[in-house]
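Asks: Sending over a structure as C-alpha cells; questions will come in a sec.
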Amino acid sequence: MALPSVVVTDRLRLELWDAATVTAIRAGERRAGWHPSFPRKDDADAAGLWCDGNLWAPRSIVFEGEAVGSIGFFGPPAPADDGVAETEVGYGLVEEARGRGIATEALLGVLGPCDADGVRIRASIAPDNAPSLAVAAKTGFTQIRGTNEDGELVLVRPLP
C-alpha cells in the first residue's frame, strides 16, 4: 500500500514531512505557516521516526493554512501475531487547536487508506489522556490489548 504524500480531508491537509521540515523541527525553528506553538516536543520526537521517501512517516496537520500538529505511523505495516498487517499511529495538536475535531478528522483521514488496504492500526495512549482516548473511541479503536512498558493503554482499531 502507498499512502498519498498529502492526505486531504474536508478541513485539513496532512502533509508528509520532507528533509527540510524535519531539520527545522529538530532545530526548534519556527517557519511561516506554522502555528507559534508548533513544533511541540512530541513533534520533535516524531522527527526521529522520519525517513526520506517513507510514506508512513510523520506529517503536518495543516488547518486553515497553518501547521497545528502532527500525525504519522511508527513505521510501515508488518504482520502481527495473527498475520494481519499492522502499524501504530501517533498524533497530537498544539493546545490552541484542541477541541475542534481536528485530531479526529486527521486520524480518519489516514485511516481510510489503511482500511482500504487491510492494514490494522493500533495506538498507545496514556490512561489519563481523556481527549486522546475520546479521539480513539470516535475513530473506532475498540479493542484493548493491555498496557505497554510506559503504562499506556494499547488500543486497536479492528478492520471494517
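Letters A, B, ... mark the chains of the C-alpha cells in the order given; residue numbers begin at 1 per chain; ligand numbers begin at 1, in order shown.
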Just the residues within 10 Å of Thr23 in chain A, please, counting only C-alpha atoms, with nothing from its chain fewer than 5 positions along; format it as a list in words.
Replies: Trp17, Asp18, Gly28, Glu29, Ala44 and Ala47 of chain A
Asks: Keeping only C-alpha atoms, write those residues as a CSV table (one decimal), in the first residue's frame.
Replies:
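Output contents, as saved in result_5.csv:
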```csv
chain,number,residue,atom,x,y,z
A,17,TRP,CA,7.4,15.8,6.1
A,18,ASP,CA,10.5,16.3,3.9
A,28,GLY,CA,13.4,24.1,17.0
A,29,GLU,CA,12.9,26.6,14.2
A,44,ALA,CA,10.4,16.8,17.6
A,47,ALA,CA,11.0,13.7,13.7
```
Asks: Within 8 Å of Leu3 in chain A, counting only C-alpha atoms, which residues show up once you throw out same-chain ones fewer than 2 positions away? Write them as a VMD selection string, please.
Replies: chain A and resid 1 5 55 to 56 113
Asks: I need the chosen residues saved as a compact mmCIF listing (two decimals), in the first residue's frame, with N, CA and C atoms.
Replies:
```
# COMPACT_ATOMS: atom_id res chain seq x y z
N MET A 1 0.84 -1.18 0.00
CA MET A 1 0.00 0.00 0.00
C MET A 1 0.88 1.23 0.00
N SER A 5 1.24 11.26 -0.55
CA SER A 5 2.15 12.15 0.18
C SER A 5 1.38 13.27 0.88
N LEU A 55 6.39 6.86 3.11
CA LEU A 55 5.04 7.44 3.16
C LEU A 55 4.34 7.17 4.47
N TRP A 56 4.90 6.35 5.35
CA TRP A 56 4.34 6.06 6.67
C TRP A 56 4.94 6.97 7.73
N PRO A 113 -7.26 5.10 3.90
CA PRO A 113 -6.40 4.29 3.02
C PRO A 113 -5.93 2.99 3.69
```
Asks: Write out as a ChimeraX atom specification each polymer residue whose atoms come within 8 Å of range 106-111 of chain A, counting only C-alpha atoms; drop sequence neighbours fewer than 5 positions from it.
Replies: /A:7-9,12,14,61,71,91,121,139
Asks: Give me the residues within 12 Å of Pro131 in chain A as a PyMOL selection string, counting only C-alpha atoms and dropping any in the same chain fewer than 2 places off.
Replies: chain A and resi 91-93+95+98-104+125-129+133-138
Asks: Let's see if you can do this: from backbone DSSP, list all strand (DSSP E) residues in range 34-107 of chain A, as a ChimeraX atom specification.
Replies: /A:59-63,66-73,78-79,85-93
Asks: Skip Val94 in chain A itself and residues of its chain fewer than 5 positions away, then list as a count of residues only all residues within 12 Å of it, counting only C-alpha atoms.
Replies: 23
Asks: So, counting only C-alpha atoms, which residue among A:Ala130, A:Ala80, A:Ala32, A:Leu16 is closest to Trp50 in chain A?
Replies: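 Comparing A:Ala130, A:Ala80, A:Ala32, A:Leu16 against Trp50 in chain A, the winner is A:Leu16.
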Asks: Have a look at A:Gly118, A:Gly48, A:Gly53, A:Gly112 and name the one nearest to Val84 in chain A; count only C-alpha atoms.
Replies: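 Answer, going by the shortest atom-to-atom distance: A:Gly118.
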Asks: Can you measure CA of Gly75 in chain A to CA of Ala57 in chain A for me? One decimal in Å is fine.
Replies: 6.6 Å
